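Participant: If it helps, the file is called protein.txt and holds compact mmCIF, C-alpha atoms:
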```txt
# COMPACT_ATOMS: atom_id res chain seq x y z
CA MET A 397 -51.50 21.43 -91.34
CA ILE A 398 -48.06 19.82 -91.77
CA GLY A 399 -46.80 23.38 -92.33
CA HIS A 400 -46.81 23.93 -88.58
CA LEU A 401 -44.40 21.05 -87.99
CA PRO A 402 -41.21 22.04 -89.88
CA THR A 403 -39.12 19.14 -88.59
CA PHE A 404 -41.86 16.68 -89.42
CA GLN A 405 -42.09 18.16 -92.91
CA LYS A 406 -38.31 17.77 -93.28
CA LEU A 407 -38.57 14.12 -92.24
CA ILE A 408 -41.36 13.55 -94.76
CA ARG A 409 -39.26 15.15 -97.50
CA GLN A 410 -36.33 12.86 -96.65
CA LEU A 411 -38.52 9.76 -96.66
CA GLN A 412 -40.11 10.77 -99.96
CA ARG A 413 -36.70 10.28 -101.57
CA VAL A 414 -36.61 6.63 -100.55
CA PRO A 415 -37.77 4.56 -103.52
CA TYR A 416 -40.41 1.83 -103.24
CA LEU A 417 -42.13 3.63 -100.39
CA ALA A 418 -45.66 4.54 -101.52
CA SER A 419 -46.45 8.23 -101.01
CA LYS A 420 -49.29 7.42 -98.61
CA ASN A 421 -47.05 5.20 -96.52
CA VAL A 422 -44.44 7.92 -96.05
CA TYR A 423 -46.59 9.42 -93.29
CA LYS A 424 -47.05 6.03 -91.68
CA VAL A 425 -43.31 5.36 -91.69
CA ALA A 426 -42.65 8.84 -90.24
CA HIS A 427 -45.20 8.11 -87.52
CA TYR A 428 -43.54 4.75 -86.85
CA LEU A 429 -40.10 6.36 -86.55
CA LEU A 430 -41.40 8.99 -84.10
CA LYS A 431 -42.87 6.22 -81.94
CA GLN A 432 -39.55 4.33 -81.68
CA ASP A 433 -37.27 4.93 -78.70
CA ASP A 434 -33.97 6.79 -79.19
CA ASN A 435 -32.01 3.55 -78.98
CA ALA A 436 -33.81 1.89 -81.87
CA ILE A 437 -33.31 4.97 -84.05
CA ALA A 438 -29.59 5.16 -83.19
CA GLN A 439 -29.28 1.48 -84.09
CA LEU A 440 -31.02 1.99 -87.43
CA CYS A 441 -28.80 4.95 -88.32
CA ASN A 442 -25.62 3.21 -87.20
CA THR A 443 -26.48 0.15 -89.26
CA ILE A 444 -26.95 2.22 -92.40
CA ILE A 445 -23.66 4.07 -91.84
CA GLU A 446 -21.82 0.85 -90.99
CA ALA A 447 -23.18 -0.86 -94.10
CA LYS A 448 -22.08 2.05 -96.25
CA GLN A 449 -18.58 1.86 -94.75
CA ASN A 450 -18.14 -1.90 -94.97
CA ILE A 451 -19.82 -2.86 -98.20
CA ARG A 452 -18.23 -2.10 -101.53
CA HIS A 453 -18.21 -3.45 -105.06
CA CYS A 454 -16.22 -6.52 -106.01
CA GLU A 455 -13.27 -5.34 -108.11
CA ARG A 456 -13.91 -8.08 -110.63
CA CYS A 457 -17.64 -8.56 -111.08
CA PHE A 458 -19.16 -5.50 -109.28
CA ASN A 459 -21.19 -7.64 -106.89
CA PHE A 460 -21.32 -6.47 -103.28
CA THR A 461 -18.45 -7.56 -101.06
CA GLU A 462 -17.61 -7.04 -97.42
CA GLY A 463 -14.05 -6.94 -96.16
CA ALA A 464 -12.37 -8.56 -99.16
CA ALA A 465 -11.63 -6.95 -102.53
CA LEU A 466 -13.35 -9.81 -104.36
CA CYS A 467 -16.86 -11.12 -103.69
CA THR A 468 -17.61 -14.64 -102.51
CA PHE A 469 -18.45 -15.84 -106.03
CA CYS A 470 -15.17 -14.62 -107.50
CA GLU A 471 -13.21 -16.08 -104.58
CA SER A 472 -15.06 -19.36 -104.09
CA PRO A 473 -13.19 -22.42 -105.40
CA LYS A 474 -16.56 -24.12 -105.91
CA ARG A 475 -17.71 -21.74 -108.65
CA ILE A 476 -16.89 -22.58 -112.26
CA LYS A 477 -14.68 -19.68 -113.31
CA THR A 478 -15.04 -20.35 -117.05
CA ILE A 479 -18.78 -19.63 -117.28
CA MET A 480 -19.91 -16.05 -116.83
CA CYS A 481 -23.46 -14.78 -116.39
CA VAL A 482 -23.95 -11.12 -117.34
CA VAL A 483 -26.75 -9.37 -115.43
CA GLU A 484 -28.00 -5.80 -115.26
CA THR A 485 -28.24 -5.31 -111.49
CA TRP A 486 -27.50 -6.92 -108.17
CA HIS A 487 -31.19 -7.79 -107.84
CA ASP A 488 -30.97 -9.88 -111.01
CA LEU A 489 -27.90 -11.69 -109.68
CA HIS A 490 -29.83 -12.37 -106.48
CA ALA A 491 -32.79 -13.78 -108.46
CA ILE A 492 -30.55 -16.09 -110.50
CA GLU A 493 -28.64 -17.21 -107.42
CA ASN A 494 -31.91 -18.03 -105.65
CA ALA A 495 -32.87 -20.32 -108.54
CA GLY A 496 -29.78 -22.40 -107.61
CA GLU A 497 -29.16 -23.51 -111.18
CA PHE A 498 -26.10 -21.46 -112.06
CA HIS A 499 -22.66 -22.30 -110.67
CA GLY A 500 -20.38 -19.99 -112.62
CA VAL A 501 -19.34 -16.40 -111.96
CA TYR A 502 -21.22 -13.17 -112.59
CA HIS A 503 -20.70 -9.76 -114.08
CA ILE A 504 -22.96 -6.90 -113.04
CA LEU A 505 -23.37 -4.23 -115.72
CA GLY A 506 -25.00 -1.69 -113.46
CA GLY A 507 -27.98 -1.21 -115.78
CA ALA A 508 -28.85 -1.46 -119.46
CA LEU A 509 -28.04 0.78 -122.42
CA SER A 510 -30.67 3.47 -122.76
CA PRO A 511 -29.73 6.45 -124.96
CA LEU A 512 -32.95 8.27 -124.00
CA GLU A 513 -31.95 8.21 -120.33
CA GLY A 514 -28.36 9.08 -121.18
CA ILE A 515 -27.01 5.64 -120.29
CA GLY A 516 -24.32 4.71 -122.80
CA ALA A 517 -21.62 2.05 -122.79
CA HIS A 518 -19.40 4.21 -120.56
CA GLN A 519 -21.98 4.40 -117.79
CA LEU A 520 -22.02 0.60 -117.54
CA THR A 521 -19.19 -1.80 -116.67
CA ILE A 522 -18.90 -3.03 -120.28
CA GLN A 523 -15.23 -2.00 -120.60
CA ALA A 524 -14.40 -3.98 -117.46
CA LEU A 525 -16.33 -6.97 -118.86
CA LEU A 526 -14.34 -6.92 -122.12
CA HIS A 527 -11.16 -6.60 -120.06
CA ARG A 528 -12.17 -9.68 -118.06
CA LEU A 529 -12.83 -11.67 -121.24
CA GLU A 530 -9.29 -10.87 -122.39
CA ASN A 531 -7.59 -11.72 -119.11
CA GLU A 532 -9.68 -14.51 -117.59
CA ASN A 533 -10.19 -17.93 -119.04
CA ILE A 534 -13.90 -17.51 -119.82
CA THR A 535 -15.26 -20.00 -122.36
CA GLU A 536 -19.00 -19.43 -122.04
CA ILE A 537 -21.01 -16.28 -121.53
CA ILE A 538 -24.73 -16.21 -120.70
CA PHE A 539 -26.61 -12.95 -121.17
CA ALA A 540 -29.22 -12.66 -118.45
CA THR A 541 -30.21 -9.07 -119.14
CA ASN A 542 -33.93 -8.39 -118.94
CA PRO A 543 -36.10 -9.31 -121.96
CA THR A 544 -36.82 -5.62 -122.56
CA PRO A 545 -35.71 -3.54 -125.57
CA GLU A 546 -32.89 -2.05 -123.42
CA GLY A 547 -31.78 -5.42 -122.09
CA GLU A 548 -31.78 -6.98 -125.57
CA ALA A 549 -29.88 -4.03 -127.02
CA THR A 550 -27.26 -4.27 -124.28
CA ALA A 551 -26.77 -8.00 -124.86
CA SER A 552 -26.40 -7.55 -128.60
CA TYR A 553 -24.09 -4.55 -128.21
CA ILE A 554 -21.75 -6.51 -125.95
CA SER A 555 -21.86 -9.65 -128.09
CA SER A 556 -20.90 -7.55 -131.12
CA LYS A 557 -17.68 -6.65 -129.26
CA ILE A 558 -16.81 -10.27 -128.47
CA ASN A 559 -14.99 -12.73 -130.70
CA PRO A 560 -17.54 -15.57 -131.12
CA ALA A 561 -14.84 -17.99 -132.24
CA ILE A 562 -13.50 -18.45 -128.73
CA LEU A 563 -16.71 -18.12 -126.72
CA ILE A 564 -20.07 -19.88 -126.44
CA ILE A 565 -22.58 -17.05 -126.22
CA SER A 566 -26.15 -17.69 -125.05
CA ARG A 567 -29.19 -15.79 -123.88
CA LEU A 568 -31.74 -16.70 -121.18
CA ALA A 569 -34.76 -18.45 -122.74
CA SER A 570 -37.89 -16.36 -123.20
CA GLY A 571 -41.27 -18.04 -122.93
CA VAL A 572 -44.32 -18.68 -120.80
CA PRO A 573 -43.42 -18.51 -117.08
CA ILE A 574 -44.06 -21.63 -114.99
CA GLY A 575 -47.53 -21.47 -113.49
CA GLY A 576 -48.57 -18.86 -116.05
CA ALA A 577 -51.71 -19.19 -118.17
CA LEU A 578 -51.28 -19.14 -121.95
CA GLU A 579 -54.61 -17.36 -122.15
CA TYR A 580 -53.23 -14.27 -120.43
CA MET A 581 -49.82 -14.13 -122.13
CA ASP A 582 -48.99 -11.39 -124.59
CA ARG A 583 -48.43 -12.20 -128.27
CA LEU A 584 -44.69 -11.58 -128.16
CA THR A 585 -44.15 -13.99 -125.27
CA ILE A 586 -46.16 -16.69 -127.05
CA SER A 587 -44.25 -16.23 -130.29
CA LYS A 588 -40.92 -16.32 -128.38
CA ALA A 589 -42.05 -19.50 -126.65
CA LEU A 590 -42.96 -21.05 -130.01
CA LEU A 591 -39.69 -20.04 -131.63
CA GLY A 592 -37.74 -21.34 -128.65
CA ARG A 593 -39.64 -24.66 -128.44
CA ARG A 594 -37.66 -27.63 -127.21
CA PRO A 595 -37.87 -31.35 -128.11
CA PHE A 596 -40.15 -33.20 -125.69
CA MET B 1062 -25.61 -15.65 -100.51
CA ILE B 1063 -26.52 -12.73 -98.22
CA GLY B 1064 -24.86 -14.78 -95.46
CA HIS B 1065 -21.46 -13.59 -96.68
CA LEU B 1066 -22.38 -9.95 -96.12
CA PRO B 1067 -23.06 -9.68 -92.36
CA THR B 1068 -23.44 -5.89 -92.34
CA PHE B 1069 -25.77 -6.03 -95.31
CA GLN B 1070 -27.82 -8.69 -93.53
CA LYS B 1071 -27.97 -6.45 -90.45
CA LEU B 1072 -29.20 -3.56 -92.59
CA ILE B 1073 -31.86 -5.79 -94.14
CA ARG B 1074 -33.01 -6.91 -90.70
CA GLN B 1075 -33.32 -3.28 -89.58
CA LEU B 1076 -35.28 -2.32 -92.67
CA GLN B 1077 -37.58 -5.32 -92.27
CA ARG B 1078 -38.84 -3.73 -89.06
CA VAL B 1079 -40.07 -0.65 -90.90
CA PRO B 1080 -43.77 -1.09 -91.60
CA TYR B 1081 -45.35 -0.54 -95.02
CA LEU B 1082 -42.15 -1.57 -96.77
CA ALA B 1083 -42.89 -4.67 -98.84
CA SER B 1084 -40.47 -7.54 -98.14
CA LYS B 1085 -39.23 -7.54 -101.75
CA ASN B 1086 -38.57 -3.81 -101.64
CA VAL B 1087 -36.40 -4.07 -98.53
CA TYR B 1088 -33.48 -5.18 -100.74
CA LYS B 1089 -34.12 -2.34 -103.17
CA VAL B 1090 -34.16 0.23 -100.38
CA ALA B 1091 -30.93 -1.25 -98.92
CA HIS B 1092 -29.36 -1.00 -102.38
CA TYR B 1093 -30.55 2.59 -102.69
CA LEU B 1094 -29.07 3.50 -99.29
CA LEU B 1095 -25.70 1.95 -100.20
CA LYS B 1096 -25.63 3.99 -103.40
CA GLN B 1097 -26.16 7.31 -101.56
CA ASP B 1098 -23.16 9.41 -100.59
CA ASP B 1099 -22.20 9.75 -96.91
CA ASN B 1100 -23.64 13.23 -96.74
CA ALA B 1101 -27.12 12.19 -97.81
CA ILE B 1102 -27.14 9.37 -95.26
CA ALA B 1103 -25.97 11.66 -92.46
CA GLN B 1104 -28.74 14.08 -93.40
CA LEU B 1105 -31.37 11.34 -93.35
CA CYS B 1106 -30.22 10.10 -89.93
CA ASN B 1107 -29.99 13.60 -88.49
CA THR B 1108 -33.48 14.44 -89.71
CA ILE B 1109 -34.94 11.37 -88.00
CA ILE B 1110 -33.14 12.14 -84.74
CA GLU B 1111 -34.06 15.84 -84.91
CA ALA B 1112 -37.72 14.97 -85.59
CA LYS B 1113 -37.75 12.63 -82.60
CA GLN B 1114 -36.30 15.36 -80.38
CA ASN B 1115 -38.54 18.19 -81.54
CA ILE B 1116 -41.90 16.57 -82.08
CA ARG B 1117 -44.10 15.56 -79.18
CA HIS B 1118 -47.76 15.05 -78.41
CA CYS B 1119 -50.05 17.97 -77.71
CA GLU B 1120 -50.87 17.93 -73.99
CA ARG B 1121 -54.53 18.46 -74.71
CA CYS B 1122 -55.52 16.50 -77.83
CA PHE B 1123 -52.46 14.22 -78.45
CA ASN B 1124 -51.89 15.58 -81.94
CA PHE B 1125 -48.25 16.18 -82.91
CA THR B 1126 -46.76 19.50 -81.87
CA GLU B 1127 -43.40 21.13 -82.32
CA GLY B 1128 -41.97 23.62 -79.86
CA ALA B 1129 -45.21 24.45 -78.05
CA ALA B 1130 -47.02 22.32 -75.47
CA LEU B 1131 -50.28 22.61 -77.40
CA CYS B 1132 -50.79 21.85 -81.08
CA THR B 1133 -51.86 24.41 -83.66
CA PHE B 1134 -55.52 23.32 -83.51
CA CYS B 1135 -55.73 23.70 -79.75
CA GLU B 1136 -53.97 27.07 -79.88
CA SER B 1137 -55.56 28.54 -83.00
CA PRO B 1138 -58.18 31.23 -82.26
CA LYS B 1139 -59.87 30.32 -85.56
CA ARG B 1140 -60.91 26.83 -84.45
CA ILE B 1141 -64.27 26.39 -82.76
CA LYS B 1142 -63.33 25.16 -79.29
CA THR B 1143 -66.79 23.86 -78.45
CA ILE B 1144 -66.93 21.13 -81.12
CA MET B 1145 -64.66 18.14 -80.68
CA CYS B 1146 -63.92 15.42 -83.21
CA VAL B 1147 -62.71 12.14 -81.69
CA VAL B 1148 -60.41 10.09 -83.96
CA GLU B 1149 -58.39 6.93 -83.51
CA THR B 1150 -55.04 8.01 -84.95
CA TRP B 1151 -53.12 10.97 -86.29
CA HIS B 1152 -53.69 9.63 -89.81
CA ASP B 1153 -57.46 9.90 -89.32
CA LEU B 1154 -57.06 13.49 -88.10
CA HIS B 1155 -54.99 14.21 -91.19
CA ALA B 1156 -57.69 12.72 -93.46
CA ILE B 1157 -60.46 14.77 -91.83
CA GLU B 1158 -58.37 17.93 -91.92
CA ASN B 1159 -57.68 17.40 -95.62
CA ALA B 1160 -61.42 17.27 -96.29
CA GLY B 1161 -61.54 20.87 -95.01
CA GLU B 1162 -65.05 20.53 -93.61
CA PHE B 1163 -64.34 20.45 -89.89
CA HIS B 1164 -63.35 23.58 -87.97
CA GLY B 1165 -63.46 22.41 -84.37
CA VAL B 1166 -60.80 20.73 -82.23
CA TYR B 1167 -59.68 17.12 -82.14
CA HIS B 1168 -58.96 14.37 -79.68
CA ILE B 1169 -56.71 11.48 -80.71
CA LEU B 1170 -57.48 8.26 -78.86
CA GLY B 1171 -54.33 6.46 -79.98
CA GLY B 1172 -56.26 3.47 -81.34
CA ALA B 1173 -59.51 1.62 -80.74
CA LEU B 1174 -60.64 -0.73 -77.97
CA SER B 1175 -59.65 -4.28 -78.85
CA PRO B 1176 -59.71 -6.77 -75.96
CA LEU B 1177 -58.19 -9.50 -78.17
CA GLU B 1178 -55.12 -7.36 -78.78
CA GLY B 1179 -54.98 -6.28 -75.16
CA ILE B 1180 -56.05 -2.72 -75.87
CA GLY B 1181 -58.39 -1.57 -73.11
CA ALA B 1182 -59.63 1.85 -72.04
CA HIS B 1183 -56.37 2.50 -70.17
CA GLN B 1184 -54.21 2.05 -73.25
CA LEU B 1185 -56.13 4.83 -75.00
CA THR B 1186 -56.51 8.50 -74.05
CA ILE B 1187 -60.15 8.04 -72.95
CA GLN B 1188 -59.49 9.27 -69.40
CA ALA B 1189 -57.92 12.44 -70.78
CA LEU B 1190 -60.92 12.89 -73.09
CA LEU B 1191 -63.40 12.63 -70.20
CA HIS B 1192 -61.23 15.07 -68.24
CA ARG B 1193 -61.39 17.52 -71.16
CA LEU B 1194 -65.19 17.24 -71.33
CA GLU B 1195 -65.36 18.19 -67.64
CA ASN B 1196 -62.98 21.11 -67.88
CA GLU B 1197 -63.49 22.54 -71.33
CA ASN B 1198 -66.63 24.07 -72.67
CA ILE B 1199 -67.39 21.34 -75.22
CA THR B 1200 -71.00 21.27 -76.44
CA GLU B 1201 -70.78 18.88 -79.38
CA ILE B 1202 -68.77 15.72 -79.88
CA ILE B 1203 -68.40 13.92 -83.22
CA PHE B 1204 -67.13 10.33 -83.18
CA ALA B 1205 -64.96 9.78 -86.24
CA THR B 1206 -63.63 6.37 -85.23
CA ASN B 1207 -63.44 3.86 -88.07
CA PRO B 1208 -66.64 2.03 -89.07
CA THR B 1209 -65.14 -1.26 -87.85
CA PRO B 1210 -66.37 -3.35 -84.89
CA GLU B 1211 -63.50 -1.92 -82.78
CA GLY B 1212 -64.18 1.67 -83.83
CA GLU B 1213 -67.91 1.31 -83.16
CA ALA B 1214 -67.28 -0.30 -79.77
CA THR B 1215 -64.90 2.51 -78.80
CA ALA B 1216 -67.42 5.18 -79.78
CA SER B 1217 -70.23 3.53 -77.85
CA TYR B 1218 -68.01 2.88 -74.80
CA ILE B 1219 -67.03 6.54 -74.61
CA SER B 1220 -70.55 7.80 -75.23
CA SER B 1221 -71.78 5.59 -72.37
CA LYS B 1222 -69.46 7.55 -70.07
CA ILE B 1223 -70.75 10.95 -71.21
CA ASN B 1224 -73.80 12.77 -69.93
CA PRO B 1225 -75.96 13.20 -73.08
CA ALA B 1226 -78.01 15.97 -71.46
CA ILE B 1227 -75.23 18.52 -71.91
CA LEU B 1228 -73.69 17.30 -75.16
CA ILE B 1229 -74.75 16.76 -78.77
CA ILE B 1230 -73.22 13.41 -79.70
CA SER B 1231 -72.95 12.34 -83.33
CA ARG B 1232 -71.20 9.76 -85.47
CA LEU B 1233 -69.72 10.05 -88.99
CA ALA B 1234 -72.26 8.92 -91.61
CA SER B 1235 -71.79 5.46 -93.10
CA GLY B 1236 -72.81 4.83 -96.67
CA VAL B 1237 -71.72 4.44 -100.26
CA PRO B 1238 -68.48 6.38 -100.85
CA ILE B 1239 -68.55 9.12 -103.51
CA GLY B 1240 -67.58 7.64 -106.88
CA GLY B 1241 -68.30 4.11 -105.61
CA ALA B 1242 -70.54 1.71 -107.51
CA LEU B 1243 -73.59 0.33 -105.69
CA GLU B 1244 -73.07 -2.92 -107.58
CA TYR B 1245 -69.81 -3.63 -105.78
CA MET B 1246 -70.80 -2.49 -102.29
CA ASP B 1247 -71.21 -4.97 -99.47
CA ARG B 1248 -74.64 -5.61 -97.95
CA LEU B 1249 -73.85 -3.87 -94.68
CA THR B 1250 -72.76 -0.65 -96.38
CA ILE B 1251 -75.93 -0.63 -98.49
CA SER B 1252 -78.15 -1.21 -95.48
CA LYS B 1253 -76.32 1.53 -93.53
CA ALA B 1254 -76.77 3.88 -96.50
CA LEU B 1255 -80.49 3.05 -96.60
CA LEU B 1256 -80.95 3.50 -92.87
CA GLY B 1257 -79.08 6.78 -92.98
CA ARG B 1258 -80.91 8.13 -96.04
CA ARG B 1259 -81.38 11.87 -96.16
CA PRO B 1260 -84.21 14.02 -97.55
CA PHE B 1261 -83.48 15.07 -101.12
```
Take the structure from the file and write it as structure tokens.
Facilitator:
Amino acid sequence: MIGHLPTFQKLIRQLQRVPYLASKNVYKVAHYLLKQDDNAIAQLCNTIIEAKQNIRHCERCFNFTEGAALCTFCESPKRIKTIMCVVETWHDLHAIENAGEFHGVYHILGGALSPLEGIGAHQLTIQALLHRLENENITEIIFATNPTPEGEATASYISSKINPAILIISRLASGVPIGGALEYMDRLTISKALLGRRPF
Amino acid sequence: MIGHLPTFQKLIRQLQRVPYLASKNVYKVAHYLLKQDDNAIAQLCNTIIEAKQNIRHCERCFNFTEGAALCTFCESPKRIKTIMCVVETWHDLHAIENAGEFHGVYHILGGALSPLEGIGAHQLTIQALLHRLENENITEIIFATNPTPEGEATASYISSKINPAILIISRLASGVPIGGALEYMDRLTISKALLGRRPF
């Protein structure tokens, strides 16, 4: 029955490309958009276009920045410029920043190494990271890539390229998440938690 | 940290208004939009605007229509014009149409009566429905409003306004859904299924 509404079908096809929108909800979002007045739609479109124009990647750490060439972390005098946290994506940076525990600078890789998906070292910002380590006065590097095979491989690939004599290299702790139940944890998490046990 | 990216924040606020987009996914969708090239964004915006311009409500049944004043169901010579199915929303029409069992025409109410939410008979297309019953040659009416208190109330309100002498009035069957397990059904569904039992 959608076949009789070509423009509607086109809208559905556009919305289907948006990630994280469940296929059933695509119709509901289309319906919502059709119910909005022209003004609201113009505002939505203008905001997307404006964001695309104004927001770019920080030249140093590849975080988002608006207006300036460097992001607020790279420019802020309050951040400790000698400690670097390496993350896969902007979402990971956001998660770490929300925890409020880290006060250094970041480096966003843009993903993790995954030969099967065709993501090699050149698709990530690894070269730029190594360049930063040469030119900036970084003394400590924390790998906060995801505890997945790809994330682990990326962290070990990069650390193999770094001279450990001049840098403290660490990795986020793996273990049982706070509020989690031991009963429901997988074996690997438990064994990582045991291996990484800390004095009480 | 989002505070330093005013345009990004504006985009997030716009996306937060879109229903069925989980609050955590709003950031992921914003990130996706920023990664698209200008062309793709222009296409998305144009499609939404075009859809809003081209698609309107059928003058008779309030289904969506494109180009014509009446929708394909109201215009199709293949649909039985004497049987009308009354639904709350376009999504319900879509669900019934997908089942492929109904070959009559529809009437979309635009919601269900809900005094608490300020939705009375005048907010719905009940007047238009009664007008259709007077002017069209409808002999059977099937209420396919949701089996919720609001849906039931709407169906009984409308049926109280109709002369039952000239119309066959029916209601969608309630019962155990196909593939469902009796064990996990609520009491009300079981009792409805018992009351509505059919000869084997």
Participant: To one decimal in Å, tell me the separation between CA of Pro1080 in chain B and CA of Tyr428 in chain A.
Facilitator: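 Calculated distance between CA of Pro1080 in chain B and CA of Tyr428 in chain A is 7.5 Å.
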Participant: Rounded to one decimal place, report the CA of Glu530 in chain A-CA of Phe498 in chain A distance in Å.
Facilitator: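 Computing the Euclidean distance for CA of Glu530 in chain A and CA of Phe498 in chain A yields 22.4 Å.
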Participant: Find the axis-aligned box for range 540-544 of chain A, covering all its listed atoms and adding 3 Å on each side, and write its centre and edge lengths in Å to one decimal as AutoDock Vina command-line options.
Facilitator:
```
--center_x -33.0 --center_y -9.1 --center_z -120.5 --size_x 13.6 --size_y 13.0 --size_z 10.1
```
Participant: Select from range 452-517 of chain A every residue with an atom at most 7 Å from any atom of range 541-551 of chain A, then for each give the shortest pair of atoms and their distance in Å to one decimal, using all atoms listed in the file, rows by chain and rising number, as CSV.
Facilitator:
```
residue,atom,partner,partner_atom,distance
A:Val482,CA,A:Thr541,CA,6.8
A:Val483,CA,A:Thr541,CA,5.1
A:Glu484,CA,A:Thr541,CA,5.5
A:Ala508,CA,A:Gly547,CA,5.6
A:Leu509,CA,A:Thr550,CA,5.4
A:Ser510,CA,A:Glu546,CA,6.0
```
Participant: Find, counting all atoms listed in the file, the residue in B:Val1166, B:Ile1230, B:Leu1082, B:Ile1116 that gets nearest to Thr1133 in chain B.
Facilitator: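 With all atoms listed in the file as the atom set, the closest residue is B:Val1166.
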Participant: Residues of chain A near chain B: apply a cut-off of 6 Å, count only C-alpha atoms, and supply the list as a list in words.
Facilitator: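 Only these qualify: Leu401, Thr403, Phe404, Leu407, Leu430, Cys441, Thr443, Ala447, Lys448 and Glu462 of chain A.
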Participant: In Å to one decimal, how far is CA of Gly1257 in chain B from CA of Ile1229 in chain B?
Facilitator: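 So the two atoms, CA of Ile1229 in chain B and CA of Gly1257 in chain B, lie 17.9 Å apart.
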Participant: Nearest to Gly506 in chain A: which of A:Ala491, A:Cys457, A:Met581, A:Ile534 is it, counting only C-alpha atoms?
Facilitator: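 The shortest atom-to-atom distance to Gly506 in chain A comes from A:Cys457.
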Participant: If you count only C-alpha atoms, which residues fall within 9 Å of Gly1165 in chain B, apart from same-chain ones fewer than 6 positions away, as a list in words?
Facilitator: Phe1134, Lys1139, Arg1140, Ile1141, Lys1142, Thr1143, Ile1144, Met1145 and Cys1146 of chain B
Participant: Within 10 Å of Ser1252 in chain B, counting all atoms listed in the file, which residues show up once you throw out same-chain ones fewer than 6 positions away? Write them as a list in words, please.
Facilitator: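 Here the qualifying residues turn out to be Ser1235, Gly1236, Val1237 and Arg1258 of chain B.
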